[in-house]
file start38.txt (compact mmCIF, C-alpha atoms)
# COMPACT_ATOMS: atom_id res chain seq x y z
CA MET A 24 30.35 -21.62 0.71
CA ASN A 25 27.84 -22.87 -1.78
CA THR A 26 28.00 -26.57 -2.64
CA ILE A 27 24.80 -26.70 -4.65
CA THR A 28 25.26 -29.46 -7.16
CA THR A 29 23.51 -29.95 -10.45
CA TYR A 30 23.90 -33.72 -10.44
CA PRO A 31 20.63 -35.62 -10.47
CA GLN A 32 19.64 -37.70 -7.48
CA CYS A 33 17.39 -40.68 -6.92
CA ARG A 34 16.16 -42.57 -3.89
CA ILE A 35 15.41 -46.26 -3.51
CA VAL A 36 12.53 -46.84 -1.10
CA PRO A 37 11.68 -50.48 -0.44
CA MET A 38 8.37 -51.33 1.23
CA ARG A 39 10.23 -53.09 4.05
CA LEU A 40 13.30 -52.19 6.09
CA LEU A 41 16.32 -54.10 4.84
CA GLY A 42 18.57 -56.29 6.95
CA PRO A 43 22.36 -56.09 6.57
CA ASP A 44 22.65 -59.17 4.35
CA THR A 45 19.99 -57.95 1.93
CA THR A 46 21.55 -54.50 1.91
CA GLN A 47 24.90 -56.00 1.03
CA ARG A 48 23.46 -58.06 -1.82
CA LEU A 49 21.61 -55.03 -3.20
CA LEU A 50 24.57 -52.68 -2.92
CA ASP A 51 26.87 -55.21 -4.53
CA ARG A 52 24.72 -54.89 -7.63
CA ILE A 53 24.24 -51.14 -7.44
CA VAL A 54 27.88 -50.13 -7.00
CA LYS A 55 28.76 -51.85 -10.26
CA VAL A 56 26.63 -49.35 -12.17
CA PRO A 57 28.93 -46.68 -13.61
CA GLY A 58 28.03 -43.07 -12.91
CA ILE A 59 27.24 -43.14 -9.20
CA ARG A 60 28.99 -40.26 -7.42
CA ARG A 61 27.71 -40.48 -3.86
CA MET A 62 25.49 -42.85 -1.93
CA LEU A 63 23.67 -42.37 1.37
CA LEU A 64 22.09 -45.10 3.46
CA ASN A 65 19.28 -43.93 5.73
CA GLY A 66 17.42 -45.95 8.28
CA GLN A 67 16.62 -46.58 11.88
CA ASN A 68 19.60 -46.49 14.20
CA ILE A 69 20.65 -49.74 15.83
CA PRO A 70 22.42 -48.70 19.03
CA ALA A 71 25.57 -50.47 20.19
CA VAL A 72 24.33 -50.38 23.78
CA VAL A 73 20.85 -50.31 25.25
CA PRO A 74 20.04 -46.58 25.37
CA TYR A 75 17.15 -46.44 27.83
CA GLY A 76 15.60 -48.24 30.77
CA PRO A 77 16.97 -50.44 33.53
CA ALA A 78 19.30 -52.20 31.07
CA ARG A 79 20.86 -48.91 29.91
CA GLY A 80 24.52 -49.38 29.01
CA ALA A 81 24.26 -53.13 28.43
CA LYS A 82 25.61 -54.39 25.13
CA ASN A 83 22.96 -54.63 22.43
CA GLU A 84 23.36 -58.11 20.98
CA THR A 85 21.74 -57.95 17.57
CA ARG A 86 22.11 -59.27 14.05
CA LEU A 87 20.99 -55.97 12.58
CA ARG A 88 24.22 -54.11 13.31
CA LYS A 89 27.19 -55.59 11.49
CA THR A 90 30.00 -54.90 9.09
CA ILE A 91 29.12 -55.55 5.47
CA GLU A 92 31.39 -55.92 2.48
CA ILE A 93 30.61 -53.75 -0.52
CA ALA A 94 32.84 -54.29 -3.54
CA GLY A 95 35.63 -55.45 -1.26
CA ASN A 96 35.27 -52.55 1.16
CA SER A 97 34.17 -52.98 4.77
CA VAL A 98 31.38 -50.70 5.89
CA ASP A 99 30.06 -50.61 9.45
CA LEU A 100 26.30 -50.62 9.10
CA HIS A 101 24.66 -48.91 12.09
CA VAL A 102 21.15 -48.69 10.72
CA GLN A 103 18.42 -50.94 9.45
CA VAL A 104 18.31 -49.53 5.95
CA GLY A 105 15.06 -47.83 4.91
CA THR A 106 16.16 -45.70 1.96
CA ILE A 107 19.21 -45.52 -0.29
CA THR A 108 19.88 -42.11 -1.84
CA LEU A 109 22.15 -41.87 -4.84
CA GLU A 110 23.77 -38.92 -6.54
CA ILE A 111 24.51 -39.81 -10.13
CA GLU A 112 26.27 -38.41 -13.16
CA ASP A 113 23.20 -38.27 -15.40
CA LYS A 114 19.60 -39.43 -15.51
CA THR A 115 20.27 -42.50 -17.64
CA VAL A 116 21.72 -44.16 -14.54
CA ILE A 117 18.32 -44.03 -12.85
CA GLU A 118 16.86 -46.44 -15.36
CA GLN A 119 19.67 -48.90 -14.67
CA ILE A 120 19.08 -48.56 -10.92
CA ARG A 121 15.35 -49.08 -11.45
CA ALA A 122 15.99 -52.20 -13.50
CA ILE A 123 18.21 -53.64 -10.76
CA CYS A 124 15.60 -52.89 -8.09
CA ASP A 125 12.78 -54.42 -10.14
CA GLU A 126 14.81 -57.57 -10.50
CA PHE A 127 16.04 -57.63 -6.91
CA PHE A 128 12.85 -56.97 -4.95
CA VAL A 129 10.55 -59.90 -5.56
CA ASP A 130 8.98 -60.44 -2.11
CA PHE A 131 7.87 -56.84 -1.61
CA PRO A 132 7.68 -53.75 -3.81
CA CYS A 133 10.20 -50.96 -4.07
CA SER A 134 9.97 -47.51 -5.62
CA VAL A 135 12.78 -45.48 -7.18
CA GLN A 136 12.08 -41.78 -6.80
CA GLU A 137 13.71 -38.86 -8.60
CA GLY A 138 14.29 -35.55 -6.89
CA ARG A 139 16.66 -33.73 -4.54
CA PHE A 140 17.28 -35.67 -1.36
CA MET A 141 20.74 -34.71 -0.13
CA LYS A 142 21.67 -31.58 1.73
CA SER A 143 22.85 -29.03 -0.83
CA GLN A 144 24.37 -26.38 1.42
CA PRO A 145 26.43 -26.73 4.60
CA SER A 146 24.46 -26.06 7.75
CA LEU A 147 25.73 -24.24 10.82
CA VAL A 148 26.72 -27.57 12.36
CA ASP A 149 28.63 -28.50 9.19
CA TYR A 150 30.43 -25.16 9.39
CA ALA A 151 31.27 -25.69 13.05
CA LYS A 152 32.65 -29.16 12.40
CA TYR A 153 34.33 -28.87 9.00
CA GLY A 154 35.02 -25.12 8.78
CA PRO A 155 34.67 -22.86 5.74
CA GLU A 156 36.81 -25.06 3.49
CA ALA A 157 34.77 -28.23 3.88
CA ASP A 158 34.92 -30.84 1.16
CA PRO A 159 31.63 -30.39 -0.78
CA SER A 160 31.39 -34.11 -1.41
CA VAL A 161 31.04 -34.77 2.31
CA ILE A 162 28.23 -32.29 2.94
CA GLY A 163 24.95 -34.10 3.22
CA LEU A 164 26.60 -37.47 3.19
CA VAL A 165 27.17 -37.92 6.89
CA ASP A 166 25.61 -36.56 10.03
CA PRO A 167 28.10 -33.95 11.28
CA LYS A 168 27.38 -34.94 14.87
CA ARG A 169 28.65 -38.47 14.33
CA LYS A 170 32.27 -39.39 14.77
CA GLU A 171 32.26 -41.99 12.01
CA LYS A 172 33.50 -40.98 8.60
CA PRO A 173 31.96 -41.84 5.25
CA SER A 174 33.33 -44.84 3.42
CA LEU A 175 35.02 -44.65 0.04
CA ILE A 176 34.04 -47.50 -2.22
CA HIS A 177 35.83 -48.30 -5.41
CA PRO A 178 33.35 -49.78 -7.87
CA LEU A 179 35.86 -52.16 -9.44
CA GLY A 180 36.44 -53.96 -6.18
CA ASP A 181 39.92 -52.61 -5.46
CA ARG A 182 40.00 -51.46 -1.91
CA VAL A 183 40.73 -47.75 -1.59
CA CYS A 184 40.10 -47.22 2.09
CA GLY A 185 37.44 -47.83 4.69
CA GLY A 186 36.99 -44.18 5.53
CA CYS A 187 38.30 -40.84 4.37
CA GLU A 188 40.12 -38.32 6.47
CA LEU A 189 38.22 -35.07 6.89
CA MET B 29 -36.67 -50.35 34.09
CA THR B 30 -34.73 -52.56 31.73
CA ALA B 31 -31.14 -53.46 32.40
CA ARG B 32 -28.65 -51.38 30.50
CA SER B 33 -26.52 -53.29 28.00
CA PRO B 34 -23.17 -51.66 27.38
CA GLN B 35 -22.36 -50.71 23.81
CA TYR B 36 -18.56 -50.41 24.31
CA GLY B 37 -18.03 -48.45 21.11
CA PRO B 38 -19.60 -47.24 17.88
CA GLY B 39 -19.10 -48.46 14.34
CA THR B 40 -20.21 -51.10 11.89
CA SER B 41 -16.83 -52.02 10.37
CA VAL B 42 -14.89 -55.15 11.23
CA VAL B 43 -12.45 -53.00 13.21
CA ALA B 44 -15.26 -51.62 15.35
CA ILE B 45 -16.67 -55.12 15.90
CA ASN B 46 -13.25 -56.41 16.93
CA ARG B 47 -12.82 -53.52 19.33
CA ARG B 48 -16.14 -54.31 20.99
CA LYS B 49 -15.28 -58.01 21.23
CA GLN B 50 -12.02 -57.27 23.01
CA MET B 51 -13.63 -54.80 25.39
CA ASP B 52 -16.61 -56.97 26.29
CA PRO B 53 -15.55 -58.99 29.37
CA THR B 54 -18.29 -61.54 28.69
CA HIS B 55 -16.77 -62.34 25.30
CA LYS B 56 -14.20 -65.13 25.53
CA LEU B 57 -11.14 -64.25 23.49
CA THR B 58 -9.76 -67.02 21.30
CA THR B 59 -6.60 -68.64 22.59
CA MET B 60 -4.07 -68.67 19.78
CA ARG B 61 -0.99 -70.05 21.56
CA ASN B 62 0.12 -71.41 24.90
CA ILE B 63 2.88 -70.01 27.04
CA THR B 64 4.15 -71.34 30.34
CA ASP B 65 4.27 -69.44 33.63
CA GLU B 66 8.04 -69.59 33.55
CA ASP B 67 8.13 -68.06 30.07
CA ILE B 68 5.98 -65.15 31.21
CA VAL B 69 8.29 -64.57 34.18
CA LEU B 70 11.29 -64.62 31.82
CA LEU B 71 9.73 -62.17 29.38
CA LEU B 72 8.75 -59.72 32.11
CA GLY B 73 12.19 -59.87 33.74
CA HIS B 74 10.99 -58.67 37.13
CA ARG B 75 11.99 -61.79 39.09
CA ALA B 76 13.90 -64.99 38.50
CA PRO B 77 11.74 -68.01 37.66
CA GLY B 78 10.86 -69.81 40.87
CA ALA B 79 11.80 -66.87 43.07
CA SER B 80 9.24 -65.68 45.57
CA PHE B 81 7.27 -62.49 45.01
CA LYS B 82 8.81 -59.49 46.70
CA THR B 83 6.39 -57.60 48.86
CA MET B 84 5.88 -53.95 49.65
CA HIS B 85 3.68 -54.51 52.69
CA PRO B 86 2.61 -57.48 54.84
CA PRO B 87 -0.36 -59.56 53.70
CA ILE B 88 -3.65 -57.76 54.27
CA THR B 89 -4.82 -60.43 56.72
CA GLU B 90 -1.86 -59.61 58.95
CA GLN B 91 -2.45 -55.88 58.82
CA GLN B 92 -4.68 -53.79 61.01
CA GLU B 93 -7.13 -52.57 58.41
CA PRO B 94 -9.21 -49.55 59.40
CA SER B 95 -12.95 -50.06 59.56
CA CYS B 96 -13.98 -48.83 56.14
CA PRO B 97 -17.13 -49.80 54.23
CA MET B 98 -15.28 -49.63 50.90
CA ARG B 99 -12.69 -52.13 52.09
CA HIS B 100 -15.51 -54.52 52.95
CA LEU B 101 -17.16 -53.92 49.61
CA VAL B 102 -14.12 -54.21 47.33
CA LYS B 103 -12.33 -57.52 47.54
CA PRO B 104 -8.56 -57.22 47.07
CA THR B 105 -6.88 -58.90 44.13
CA GLU B 106 -4.53 -61.80 44.82
CA GLY B 107 -1.52 -59.54 44.46
CA ALA B 108 -2.92 -56.92 46.81
CA LYS B 109 -3.91 -59.61 49.30
CA HIS B 110 -0.31 -60.82 49.48
CA GLY B 111 1.20 -57.34 49.46
CA ASP B 112 3.07 -57.79 46.16
CA ARG B 113 5.08 -54.92 44.77
CA VAL B 114 3.78 -53.09 41.71
CA ARG B 115 5.42 -54.08 38.39
CA TYR B 116 4.67 -53.36 34.77
CA VAL B 117 4.37 -54.74 31.27
CA GLN B 118 4.51 -52.62 28.15
CA PHE B 119 3.45 -53.48 24.62
CA ALA B 120 4.20 -51.84 21.27
CA ASP B 121 1.71 -52.55 18.48
CA SER B 122 2.55 -52.04 14.83
CA MET B 123 0.15 -49.91 12.81
CA PHE B 124 0.21 -52.55 10.06
CA ASN B 125 -2.92 -54.35 11.22
CA ALA B 126 -1.74 -55.42 14.67
CA PRO B 127 -4.63 -57.04 16.54
CA CYS B 128 -4.52 -54.44 19.29
CA GLN B 129 -3.37 -50.85 19.83
CA PRO B 130 -2.61 -48.70 22.87
CA TYR B 131 -6.00 -47.05 23.46
CA GLN B 132 -7.77 -50.31 22.75
CA ARG B 133 -5.51 -52.06 25.24
CA THR B 134 -6.38 -49.61 27.96
CA TYR B 135 -10.11 -49.85 27.31
CA THR B 136 -9.94 -53.64 27.22
CA GLU B 137 -7.87 -53.91 30.37
CA MET B 138 -10.10 -51.51 32.27
CA TYR B 139 -13.12 -53.66 31.41
CA ARG B 140 -11.44 -57.03 32.01
CA PHE B 141 -8.87 -56.56 34.78
CA ARG B 142 -8.92 -55.19 38.32
CA GLY B 143 -6.37 -53.15 40.23
CA ILE B 144 -4.51 -51.81 37.22
CA ASP B 145 -2.95 -48.47 36.32
CA PRO B 146 -2.57 -48.21 32.55
CA GLY B 147 -0.56 -45.55 30.78
CA THR B 148 -1.49 -44.91 27.16
CA LEU B 149 0.76 -43.37 24.55
CA SER B 150 0.62 -43.22 20.79
CA GLY B 151 2.89 -46.17 20.12
CA ARG B 152 3.03 -48.06 23.37
CA GLN B 153 0.89 -48.91 26.32
CA ILE B 154 2.12 -49.71 29.79
CA VAL B 155 0.06 -51.27 32.53
CA GLU B 156 1.10 -51.40 36.15
CA CYS B 157 -0.36 -53.64 38.81
CA ARG B 158 0.59 -56.07 41.55
CA GLU B 159 3.18 -58.56 40.29
CA ARG B 160 1.07 -61.67 40.87
CA ASP B 161 -1.86 -60.14 39.02
CA LEU B 162 0.41 -58.89 36.26
CA GLU B 163 1.58 -62.37 35.39
CA GLN B 164 -2.02 -63.56 35.15
CA TYR B 165 -3.04 -60.63 32.99
CA CYS B 166 0.00 -61.13 30.75
CA ARG B 167 -1.17 -64.63 30.00
CA LEU B 168 -4.38 -63.28 28.49
CA LEU B 169 -2.54 -60.51 26.65
CA ILE B 170 -0.05 -62.92 25.04
CA GLU B 171 -2.03 -66.13 24.57
CA THR B 172 -5.17 -64.70 23.01
CA GLU B 173 -6.03 -62.99 19.76
CA MET B 174 -4.82 -59.68 21.20
CA PHE B 175 -1.26 -60.71 20.39
CA ASP B 176 0.62 -61.39 17.20
CA PRO B 177 4.25 -62.51 17.51
CA ALA B 178 5.38 -60.35 14.58
CA LEU B 179 3.37 -57.16 15.03
CA VAL B 180 3.01 -56.94 18.81
CA SER B 181 5.95 -57.07 21.14
CA LEU B 182 6.79 -56.64 24.80
CA ARG B 183 9.01 -53.60 25.16
CA GLY B 184 9.78 -52.17 28.55
CA ALA B 185 12.12 -49.56 27.06
CA THR B 186 13.39 -48.54 23.61
CA VAL B 187 9.96 -49.05 22.11
CA HIS B 188 10.36 -47.20 18.79
CA GLY B 189 8.92 -49.08 15.82
CA HIS B 190 5.11 -49.05 15.83
CA SER B 191 4.79 -46.54 12.98
CA LEU B 192 7.70 -47.76 10.85
CA ARG B 193 7.74 -50.02 7.86
CA LEU B 194 8.09 -53.65 8.86
CA SER B 195 11.41 -55.45 8.57
CA GLU B 196 11.87 -57.56 5.47
CA ASP B 197 10.84 -60.70 7.38
CA GLY B 198 7.56 -59.05 8.43
CA MET B 199 8.61 -58.32 12.01
CA GLN B 200 7.99 -54.95 13.65
CA PHE B 201 11.21 -52.90 13.85
CA ASP B 202 12.96 -53.27 17.19
CA ALA B 203 16.32 -51.59 17.73
CA LEU B 204 17.13 -54.14 20.44
CA GLN B 205 15.83 -57.12 18.42
CA ARG B 206 14.23 -58.74 21.45
CA CYS B 207 12.49 -61.34 19.33
CA MET B 208 13.55 -63.02 16.12
CA LEU B 209 11.83 -65.00 13.43
CA GLY B 210 13.44 -68.41 13.08
CA LYS B 211 13.86 -70.39 9.89
CA ASP B 212 11.08 -72.69 11.08
CA GLY B 213 8.71 -69.70 11.15
CA MET B 214 8.56 -69.46 14.94
CA VAL B 215 9.14 -66.20 16.77
CA ARG B 216 11.39 -66.48 19.79
CA TYR B 217 12.31 -63.90 22.38
CA VAL B 218 16.03 -63.79 23.05
CA LYS B 219 15.80 -60.82 25.43
CA ASP B 220 13.38 -59.82 28.16
CA GLN B 221 11.19 -56.75 27.78
CA ILE B 222 13.92 -54.32 28.87
CA GLY B 223 16.53 -55.78 26.54
CA LEU B 224 18.62 -58.05 28.76
CA PRO B 225 19.56 -61.38 27.12
CA LEU B 226 17.63 -64.43 28.34
CA ASN B 227 19.31 -67.66 29.41
CA ARG B 228 17.05 -69.53 27.03
CA MET B 229 14.81 -68.50 24.19
CA VAL B 230 11.09 -68.08 24.78
CA GLU B 231 8.86 -69.26 21.96
CA VAL B 232 5.69 -67.25 21.29
CA GLY B 233 4.40 -68.99 18.17
CA LYS B 234 4.17 -68.25 14.48
CA PRO B 235 3.16 -64.88 13.04
CA LEU B 236 -0.46 -64.81 11.94
CA ASP B 237 -1.21 -64.45 8.26
CA GLN B 238 -2.21 -61.17 6.64
CA LYS B 239 -5.80 -62.24 5.96
CA TRP B 240 -6.39 -63.17 9.59
CA LEU B 241 -4.75 -59.96 10.78
CA LYS B 242 -6.92 -57.81 8.53
CA GLU B 243 -10.04 -59.54 9.83
CA HIS B 244 -9.02 -59.24 13.49
CA SER B 245 -7.27 -55.88 13.57
CA THR B 246 -8.48 -53.08 15.83
CA ILE B 247 -6.59 -50.40 13.91
CA PHE B 248 -8.01 -48.40 11.04
CA HIS B 249 -5.50 -48.15 8.19
CA CYS B 250 -6.55 -46.91 4.78
CA LEU B 251 -3.65 -48.56 2.91
CA VAL B 252 -3.30 -52.03 4.38
CA GLY B 253 -6.56 -52.51 6.27
CA THR B 254 -9.97 -50.98 6.87
CA ALA B 255 -10.24 -47.23 6.34
CA LEU B 256 -11.91 -45.15 9.03
CA ARG B 257 -13.84 -43.23 6.37
CA ASP B 258 -15.51 -46.46 5.32
CA ASP B 259 -17.22 -46.66 8.70
CA ALA B 260 -19.84 -43.91 8.54
CA GLU B 261 -21.14 -44.56 12.06
CA TYR B 262 -17.66 -44.23 13.55
CA VAL B 263 -17.03 -41.00 11.65
CA GLU B 264 -20.37 -39.61 12.82
CA TYR B 265 -19.51 -40.48 16.43
CA LEU B 266 -16.10 -38.82 16.22
CA GLN B 267 -17.56 -35.72 14.58
CA ARG B 268 -20.16 -35.49 17.31
CA ILE B 269 -17.54 -35.72 20.07
CA HIS B 270 -15.42 -33.13 18.28
CA THR B 271 -18.34 -30.76 17.81
CA LEU B 272 -19.52 -31.02 21.40
CA ARG B 273 -16.05 -30.43 22.77
CA THR B 274 -15.46 -27.50 20.45
CA ARG B 275 -18.73 -25.81 21.29
CA TYR B 276 -19.08 -26.59 24.94
CA GLY B 277 -15.59 -27.44 26.21
CA PHE B 278 -15.80 -29.56 29.31
CA MET B 279 -19.59 -29.09 29.65
CA PRO B 280 -20.81 -30.94 26.53
CA ARG B 281 -24.51 -30.11 26.83
CA GLU B 282 -26.45 -29.70 23.66
CA ALA B 283 -28.93 -26.86 23.50
call {"tool": "encode", "arguments": {"input": "start38.txt", "output": "structure tokens"}}
result
Amino acid sequence: MNTITTYPQCRIVPMRLLGPDTTQRLLDRIVKVPGIRRMLLNGQNIPAVVPYGPARGAKNETRLRKTIEIAGNSVDLHVQVGTITLEIEDKTVIEQIRAICDEFFVDFPCSVQEGRFMKSQPSLVDYAKYGPEADPSVIGLVDPKRKEKPSLIHPLGDRVCGGCEL
Amino acid sequence: MTARSPQYGPGTSVVAINRRKQMDPTHKLTTMRNITDEDIVLLLGHRAPGASFKTMHPPITEQQEPSCPMRHLVKPTEGAKHGDRVRYVQFADSMFNAPCQPYQRTYTEMYRFRGIDPGTLSGRQIVECRERDLEQYCRLLIETEMFDPALVSLRGATVHGHSLRLSEDGMQFDALQRCMLGKDGMVRYVKDQIGLPLNRMVEVGKPLDQKWLKEHSTIFHCLVGTALRDDAEYVEYLQRIHTLRTRYGFMPREA
């Protein structure tokens, strides 16, 4: 199955890794921009339990891993956000995103890059997990090895659901 | 014959000078902050504060030592004298102008400390020694200019973060968030080095400013600090080592 999309993509790369509160404030502004089809948050994983060492298995008490609210939808943030990749309807949206970022990031710089950043074809692991009839909108949006599902966010603030069934 | 004066390392840049200062045991490192014995014990997490040192053998004075000229020549460290067990401390240093870095740590410790077994990796450096000695050595490693509360951190495990972008508050990324920057600008450890929560927070001071860090860093970084290519002597030294090793392998004799 070929899910190659022709929609343009852009990537927001701040100079610093973003905490959950900053991510929420930024995304609150971004999701209001019409024309965003898919959004992917990348960053360093914040484990729920200590993964290595003598304390392995102990609960990881941290402020970096929390549930944030985006346009009225709850999203469990498991990473300290490093990049935000967006798939958009057309290139005019990029300028709006860039304007928001320029206004938002005042303490450190941020670049908005254009290119192809999301997976365009299902991998073997995608095929093993989702089968031949996988929803193209899910491919590249979530790590197929993870159990969590992607969140659906309604830009107008009406809650649709916290996760979609695959 | 004149006495040999050690050179410690090549280079004319500020990074090279800082490296030599840290390595030279006759150079007194500047104390930037004070930390109590109890705080060090809490951060290391090897024993409870006030608990006695666990031993792995009886004190040397109570043992039947074989008659060995080396044992007469080399005086044991305090930890070895008491038969302390061997424990460790591990540091992760950010590449964004941290005042120390793993190889530098090992060189410095080998020149300044006794009875240690360092392990050097790209993003972290572990040093093992007798527990009593370790706590003494940790004092120097944390209190002096070799430490910055934001860019250097004690990480026994889950060390990832040295090569990443900094967090938005300027702290080095730590998946376990062992230390946090308070609203008053102080950095406090809320977990020990392996990630277990502490009963009370341990304060390690305020992060040092960017100007100071750039002047005292021992890491070359072409974007945020001093570029290696700007230090011609260092580049020449590295090229020479590379050439000798390439041509002669483990017998680096020039023709």
call {"tool": "interface_residues", "arguments": {"input": "start38.txt", "of": "chain B", "to": "chain A", "cutoff": "7 Å", "atoms": "only C-alpha atoms", "output": "PyMOL selection string"}}
result
chain B and resi 185-186+193-196+203-205+222-224
call {"tool": "closest_residue", "arguments": {"input": "start38.txt", "among": "B:Leu101, B:Ala260, B:Leu162, B:Ala108", "to": "Met84 in chain B", "atoms": "only C-alpha atoms"}}
result
B:Ala108
call {"tool": "axis_aligned_box", "arguments": {"input": "start38.txt", "around": "range 122-125 of chain B", "padding_each_side": "8 Å", "output": "JSON"}}
result
{"center_x": -0.2, "center_y": -52.1, "center_z": 12.4, "size_x": 21.5, "size_y": 20.4, "size_z": 20.8}
call {"tool": "closest_residue", "arguments": {"input": "start38.txt", "among": "A:Gly138, A:Pro173, A:Gly58, A:Pro167", "to": "Gln119 in chain A", "atoms": "only C-alpha atoms"}}
result
A:Gly58
call {"tool": "atom_distance", "arguments": {"input": "start38.txt", "atom1": "CA of Gly143 in chain B", "atom2": "CA of Met60 in chain B"}}
result
25.8 Å
call {"tool": "residues_around", "arguments": {"input": "start38.txt", "residues": "range 152-161 of chain B", "least_positions_apart": "4", "cutoff": "9 Å", "atoms": "only C-alpha atoms", "output": "MDAnalysis selection string"}}
result
chainID B and resid 74 81:82 105:108 110:121 129:131 133:134 137 141:148 165:166 183:184 187:188 190
call {"tool": "closest_residue", "arguments": {"input": "start38.txt", "among": "A:Arg48, A:Arg61, A:Arg121, A:Arg34", "to": "Leu164 in chain A", "atoms": "all atoms listed in the file"}}
result
A:Arg61
call {"tool": "residues_around", "arguments": {"input": "start38.txt", "residues": "Ile162 in chain A", "least_positions_apart": "2", "cutoff": "12 Å", "atoms": "all atoms listed in the file", "output": "ChimeraX atom specification"}}
result
/A:24-28,61-63,141-150,152-160,164-167,172-173,189
call {"tool": "residues_near_point", "arguments": {"input": "start38.txt", "point": "(5.2, -68.1, 20.6)", "cutoff": "8 Å", "atoms": "all atoms listed in the file", "output": "list in words"}}
result
Arg61, Asn62, Ile63, Pro177, Met214, Val215, Arg216, Val230, Glu231, Val232, Gly233 and Lys234 of chain B
call {"tool": "write_last_selection", "arguments": {"input": "start38.txt", "atoms": "C-alpha atoms", "output": "CSV table (one decimal), in the frame of the given file"}}
result
chain,number,residue,atom,x,y,z
B,61,ARG,CA,-1.0,-70.0,21.6
B,62,ASN,CA,0.1,-71.4,24.9
B,63,ILE,CA,2.9,-70.0,27.0
B,177,PRO,CA,4.2,-62.5,17.5
B,214,MET,CA,8.6,-69.5,14.9
B,215,VAL,CA,9.1,-66.2,16.8
B,216,ARG,CA,11.4,-66.5,19.8
B,230,VAL,CA,11.1,-68.1,24.8
B,231,GLU,CA,8.9,-69.3,22.0
B,232,VAL,CA,5.7,-67.2,21.3
B,233,GLY,CA,4.4,-69.0,18.2
B,234,LYS,CA,4.2,-68.2,14.5
call {"tool": "residues_around", "arguments": {"input": "start38.txt", "residues": "range 227-229 of chain B", "least_positions_apart": "5", "cutoff": "12 Å", "atoms": "only C-alpha atoms", "output": "number ranges by chain"}}
result
B: 66-68, 70-71, 73, 76-77, 206-210, 214-220
call {"tool": "atom_distance", "arguments": {"input": "start38.txt", "atom1": "CA of Val42 in chain B", "atom2": "CA of Glu243 in chain B"}}
result
6.7 Å
call {"tool": "residues_around", "arguments": {"input": "start38.txt", "residues": "Leu236 in chain B", "least_positions_apart": "2", "cutoff": "10 Å", "atoms": "all atoms listed in the file", "output": "PyMOL selection string"}}
result
chain B and resi 60+126-127+173+175-179+233-234+238-241
call {"tool": "atom_distance", "arguments": {"input": "start38.txt", "atom1": "CA of Arg268 in chain B", "atom2": "CA of Asn125 in chain B"}}
result
26.3 Å
call {"tool": "residues_around", "arguments": {"input": "start38.txt", "residues": "Tyr265 in chain B", "least_positions_apart": "4", "cutoff": "8 Å", "atoms": "all atoms listed in the file", "output": "ChimeraX atom specification"}}
result
/B:38,261,269
call {"tool": "closest_residue", "arguments": {"input": "start38.txt", "among": "A:Lys170, A:Gly66, A:Ala94, A:Gln47", "to": "Thr108 in chain A", "atoms": "all atoms listed in the file"}}
result
A:Gly66
call {"tool": "build_atoms", "arguments": {"input": "start38.txt", "residues": "range 246-256 of chain B", "atoms": "N, CA and C atoms", "output": "PDB file, in the frame of the given file"}}
result
ATOM      1  N   THR B 246      -7.677 -54.128  15.187  1.00  0.00           N
ATOM      2  CA  THR B 246      -8.480 -53.080  15.830  1.00  0.00           C
ATOM      3  C   THR B 246      -7.920 -51.702  15.457  1.00  0.00           C
ATOM      4  N   ILE B 247      -7.166 -51.664  14.373  1.00  0.00           N
ATOM      5  CA  ILE B 247      -6.590 -50.400  13.910  1.00  0.00           C
ATOM      6  C   ILE B 247      -7.144 -50.073  12.525  1.00  0.00           C
ATOM      7  N   PHE B 248      -7.627 -48.850  12.375  1.00  0.00           N
ATOM      8  CA  PHE B 248      -8.010 -48.400  11.040  1.00  0.00           C
ATOM      9  C   PHE B 248      -6.749 -48.052  10.270  1.00  0.00           C
ATOM     10  N   HIS B 249      -6.658 -48.489   9.026  1.00  0.00           N
ATOM     11  CA  HIS B 249      -5.500 -48.150   8.190  1.00  0.00           C
ATOM     12  C   HIS B 249      -5.967 -48.168   6.748  1.00  0.00           C
ATOM     13  N   CYS B 250      -5.935 -47.007   6.109  1.00  0.00           N
ATOM     14  CA  CYS B 250      -6.550 -46.910   4.780  1.00  0.00           C
ATOM     15  C   CYS B 250      -5.733 -47.620   3.701  1.00  0.00           C
ATOM     16  N   LEU B 251      -4.463 -47.922   3.949  1.00  0.00           N
ATOM     17  CA  LEU B 251      -3.650 -48.560   2.910  1.00  0.00           C
ATOM     18  C   LEU B 251      -3.627 -50.083   3.033  1.00  0.00           C
ATOM     19  N   VAL B 252      -3.458 -50.583   4.237  1.00  0.00           N
ATOM     20  CA  VAL B 252      -3.300 -52.030   4.380  1.00  0.00           C
ATOM     21  C   VAL B 252      -4.497 -52.694   5.056  1.00  0.00           C
ATOM     22  N   GLY B 253      -5.448 -51.904   5.538  1.00  0.00           N
ATOM     23  CA  GLY B 253      -6.560 -52.510   6.270  1.00  0.00           C
ATOM     24  C   GLY B 253      -7.881 -51.834   5.969  1.00  0.00           C
ATOM     25  N   THR B 254      -8.657 -51.608   7.010  1.00  0.00           N
ATOM     26  CA  THR B 254      -9.970 -50.980   6.870  1.00  0.00           C
ATOM     27  C   THR B 254      -9.815 -49.479   7.104  1.00  0.00           C
ATOM     28  N   ALA B 255     -10.357 -48.679   6.207  1.00  0.00           N
ATOM     29  CA  ALA B 255     -10.240 -47.230   6.340  1.00  0.00           C
ATOM     30  C   ALA B 255     -11.319 -46.706   7.290  1.00  0.00           C
ATOM     31  N   LEU B 256     -10.938 -45.745   8.105  1.00  0.00           N
ATOM     32  CA  LEU B 256     -11.910 -45.150   9.030  1.00  0.00           C
ATOM     33  C   LEU B 256     -13.083 -44.523   8.275  1.00  0.00           C
TER      34      LEU B 256
END
